[in-house]
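Reading through the structure tokens given below for one structure.
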Amino acid sequence: MTAELALVLPVVAVVATLAVALAAAAGVQMQAQEAAAAAARSLSRDGDERSALRVGAELFPEGAFQISTGGELSCVTARRSLGLPVVGDWAVGARSCALRWGE
């Protein structure tokens with residue numbers, strides 16, 4: 001093994017680990033967006049926060065949800081903290097708003 005290879009190999013391993021971790025975070029981000037959108041749509045239809053949180057939790061079980069309403073919009077934020085190798089704790093989240101029906 002040459003000295004150059006011995007120096008490059010750990011860097012390649014760290015970059016590969018980071019790439020896999022970021023790909024996993026992107027997948028969780030997509031789940032959060034889907035759950036927030038579904039929960040916001042549910043909330044905009046019937047105004048029932050409990051029902052909206054249930055819809056979000058079905059799609060994003062490990063997520064924490066926050067609901068906000070104002071004006072004509074019903075908004076839901078979904079968040080989750082991920083422990084990623086190399087990076088450490090990373091918060092992933094998404095926010096989605098829907099126009100309230102019947103108002």
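Ordered as shown in the structure tokens, chains take letters A, B, and onward, while each chain numbers its residues from 1 and ligands are numbered from 1 in the order shown.
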(Q) Show me, as a VMD selection string, the residues that have an atom within 10 Å of A:Val28 when counting only C-alpha atoms, minus same-chain residues fewer than 2 positions from it. (A) chain A and resid 22 to 26 30 to 34 60 63 79 to 82 92 to 94
Would you mind exporting the chosen residues as a compact mmCIF listing (two decimals), in the first residue's frame, restricted to N, CA and C atoms?
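Contents of the output file out17.txt:
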```
# COMPACT_ATOMS: atom_id res chain seq x y z
N LEU A 22 -26.67 11.75 3.95
CA LEU A 22 -27.45 12.81 3.33
C LEU A 22 -28.58 12.25 2.47
N ALA A 23 -28.35 11.11 1.84
CA ALA A 23 -29.42 10.47 1.08
C ALA A 23 -30.54 10.01 2.02
N ALA A 24 -30.18 9.49 3.17
CA ALA A 24 -31.19 9.09 4.15
C ALA A 24 -31.95 10.31 4.66
N ALA A 25 -31.26 11.41 4.90
CA ALA A 25 -31.92 12.64 5.35
C ALA A 25 -32.87 13.17 4.28
N ALA A 26 -32.51 13.04 3.03
CA ALA A 26 -33.39 13.48 1.94
C ALA A 26 -34.67 12.64 1.91
N MET A 30 -38.54 14.06 2.48
CA MET A 30 -39.69 13.80 1.60
C MET A 30 -40.88 13.26 2.40
N GLN A 31 -40.61 12.39 3.36
CA GLN A 31 -41.68 11.88 4.23
C GLN A 31 -42.31 13.01 5.03
N ALA A 32 -41.48 13.90 5.55
CA ALA A 32 -41.98 15.03 6.34
C ALA A 32 -42.86 15.93 5.48
N GLN A 33 -42.43 16.19 4.24
CA GLN A 33 -43.21 17.04 3.35
C GLN A 33 -44.55 16.41 3.02
N GLU A 34 -44.55 15.13 2.74
CA GLU A 34 -45.79 14.43 2.42
C GLU A 34 -46.75 14.44 3.62
N PHE A 60 -45.81 9.90 9.01
CA PHE A 60 -44.51 10.29 9.56
C PHE A 60 -44.51 10.00 11.07
N GLY A 63 -42.34 11.81 13.69
CA GLY A 63 -42.32 13.26 13.58
C GLY A 63 -43.05 13.97 14.70
N ARG A 79 -41.51 17.87 11.94
CA ARG A 79 -40.07 17.89 12.20
C ARG A 79 -39.63 16.60 12.83
N ARG A 80 -38.35 16.31 12.63
CA ARG A 80 -37.73 15.15 13.27
C ARG A 80 -36.24 15.39 13.33
N SER A 81 -35.61 14.97 14.41
CA SER A 81 -34.17 15.08 14.55
C SER A 81 -33.54 13.75 14.17
N LEU A 82 -32.52 13.82 13.36
CA LEU A 82 -31.80 12.62 12.92
C LEU A 82 -30.39 12.64 13.48
N VAL A 92 -34.62 17.76 10.56
CA VAL A 92 -35.23 17.71 9.24
C VAL A 92 -36.70 18.06 9.41
N GLY A 93 -37.21 18.90 8.54
CA GLY A 93 -38.62 19.27 8.67
C GLY A 93 -39.18 19.85 7.39
N ALA A 94 -40.49 20.02 7.42
CA ALA A 94 -41.20 20.58 6.27
C ALA A 94 -42.44 21.29 6.77
```
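The space separating atom CA of A:Arg45 from atom CA of A:Ala98 comes to 9.1 Å.
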Can you tell me which residues surround A:Ser42 at a distance of at most 8 Å, considering only C-alpha atoms, apart from same-chain residues fewer than 6 positions away, and format the answer as a short mmCIF file (atom, residue, chain, number, x, y, z; two decimals) with C-alpha atoms, in the first residue's frame?
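Result saved to around-v5.cif:
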```cif
data_model
loop_
_atom_site.label_atom_id
_atom_site.label_comp_id
_atom_site.auth_asym_id
_atom_site.auth_seq_id
_atom_site.Cartn_x
_atom_site.Cartn_y
_atom_site.Cartn_z
CA ASP A 48 -60.24 19.15 13.36
CA SER A 51 -57.73 14.35 12.94
CA ALA A 52 -55.04 16.30 11.08
CA VAL A 55 -53.18 11.84 9.38
#
```
DSSP-assigned strand (DSSP E or B) among chain A, expressed as a short mmCIF file (atom, residue, chain, number, x, y, z; two decimals) with N, CA and C atoms, in the first residue's frame:
```
data_model
loop_
_atom_site.label_atom_id
_atom_site.label_comp_id
_atom_site.auth_asym_id
_atom_site.auth_seq_id
_atom_site.Cartn_x
_atom_site.Cartn_y
_atom_site.Cartn_z
N ALA A 64 -42.68 15.22 14.92
CA ALA A 64 -43.38 16.12 15.82
C ALA A 64 -44.08 17.15 14.95
N PHE A 65 -45.33 17.41 15.25
CA PHE A 65 -46.14 18.29 14.41
C PHE A 65 -46.54 19.55 15.15
N GLN A 66 -46.64 20.63 14.39
CA GLN A 66 -47.10 21.90 14.92
C GLN A 66 -48.12 22.46 13.95
N ILE A 67 -49.25 22.91 14.49
CA ILE A 67 -50.33 23.44 13.67
C ILE A 67 -50.43 24.94 13.88
N SER A 68 -50.64 25.66 12.79
CA SER A 68 -50.91 27.09 12.90
C SER A 68 -51.97 27.46 11.88
N THR A 69 -52.85 28.33 12.28
CA THR A 69 -53.90 28.80 11.38
C THR A 69 -53.92 30.31 11.44
N GLY A 70 -54.22 30.89 10.33
CA GLY A 70 -54.31 32.35 10.26
C GLY A 70 -54.89 32.76 8.93
N LEU A 73 -55.53 30.33 5.72
CA LEU A 73 -54.63 29.18 5.61
C LEU A 73 -54.59 28.32 6.86
N SER A 74 -54.47 27.03 6.65
CA SER A 74 -54.19 26.06 7.70
C SER A 74 -52.81 25.50 7.40
N CYS A 75 -51.89 25.64 8.33
CA CYS A 75 -50.51 25.21 8.09
C CYS A 75 -50.08 24.15 9.11
N VAL A 76 -49.28 23.22 8.65
CA VAL A 76 -48.74 22.17 9.51
C VAL A 76 -47.24 22.06 9.26
N THR A 77 -46.49 21.99 10.34
CA THR A 77 -45.05 21.78 10.26
C THR A 77 -44.74 20.42 10.86
N ALA A 78 -43.95 19.63 10.15
CA ALA A 78 -43.52 18.31 10.63
C ALA A 78 -42.00 18.34 10.78
N ARG A 79 -41.51 17.87 11.94
CA ARG A 79 -40.07 17.89 12.20
C ARG A 79 -39.63 16.60 12.83
N ARG A 80 -38.35 16.31 12.63
CA ARG A 80 -37.73 15.15 13.27
C ARG A 80 -36.24 15.39 13.33
N SER A 81 -35.61 14.97 14.41
CA SER A 81 -34.17 15.08 14.55
C SER A 81 -33.54 13.75 14.17
N LEU A 82 -32.52 13.82 13.36
CA LEU A 82 -31.80 12.62 12.92
C LEU A 82 -30.39 12.64 13.48
N GLY A 83 -29.94 11.50 13.95
CA GLY A 83 -28.55 11.35 14.34
C GLY A 83 -27.78 10.77 13.17
N LEU A 84 -27.04 11.61 12.46
CA LEU A 84 -26.33 11.17 11.27
C LEU A 84 -24.85 10.99 11.55
N GLY A 88 -23.64 14.39 12.86
CA GLY A 88 -24.24 14.52 14.19
C GLY A 88 -25.74 14.72 14.09
N ASP A 89 -26.33 15.35 15.10
CA ASP A 89 -27.77 15.59 15.08
C ASP A 89 -28.12 16.62 14.02
N TRP A 90 -29.17 16.31 13.28
CA TRP A 90 -29.61 17.18 12.21
C TRP A 90 -31.13 17.21 12.23
N ALA A 91 -31.70 18.40 12.29
CA ALA A 91 -33.15 18.55 12.29
C ALA A 91 -33.65 18.60 10.85
N VAL A 92 -34.62 17.76 10.56
CA VAL A 92 -35.23 17.71 9.24
C VAL A 92 -36.70 18.06 9.41
N GLY A 93 -37.21 18.90 8.54
CA GLY A 93 -38.62 19.27 8.67
C GLY A 93 -39.18 19.85 7.39
N ALA A 94 -40.49 20.02 7.42
CA ALA A 94 -41.20 20.58 6.27
C ALA A 94 -42.44 21.29 6.77
N ARG A 95 -42.87 22.27 6.03
CA ARG A 95 -44.08 23.03 6.35
C ARG A 95 -44.95 23.08 5.11
N SER A 96 -46.23 22.88 5.33
CA SER A 96 -47.18 22.93 4.22
C SER A 96 -48.44 23.65 4.68
N CYS A 97 -49.01 24.43 3.78
CA CYS A 97 -50.24 25.17 4.07
C CYS A 97 -51.29 24.85 3.02
N ALA A 98 -52.53 24.89 3.45
CA ALA A 98 -53.66 24.65 2.55
C ALA A 98 -54.74 25.70 2.81
N LEU A 99 -55.43 26.08 1.77
CA LEU A 99 -56.52 27.04 1.88
C LEU A 99 -57.70 26.38 2.55
#
```
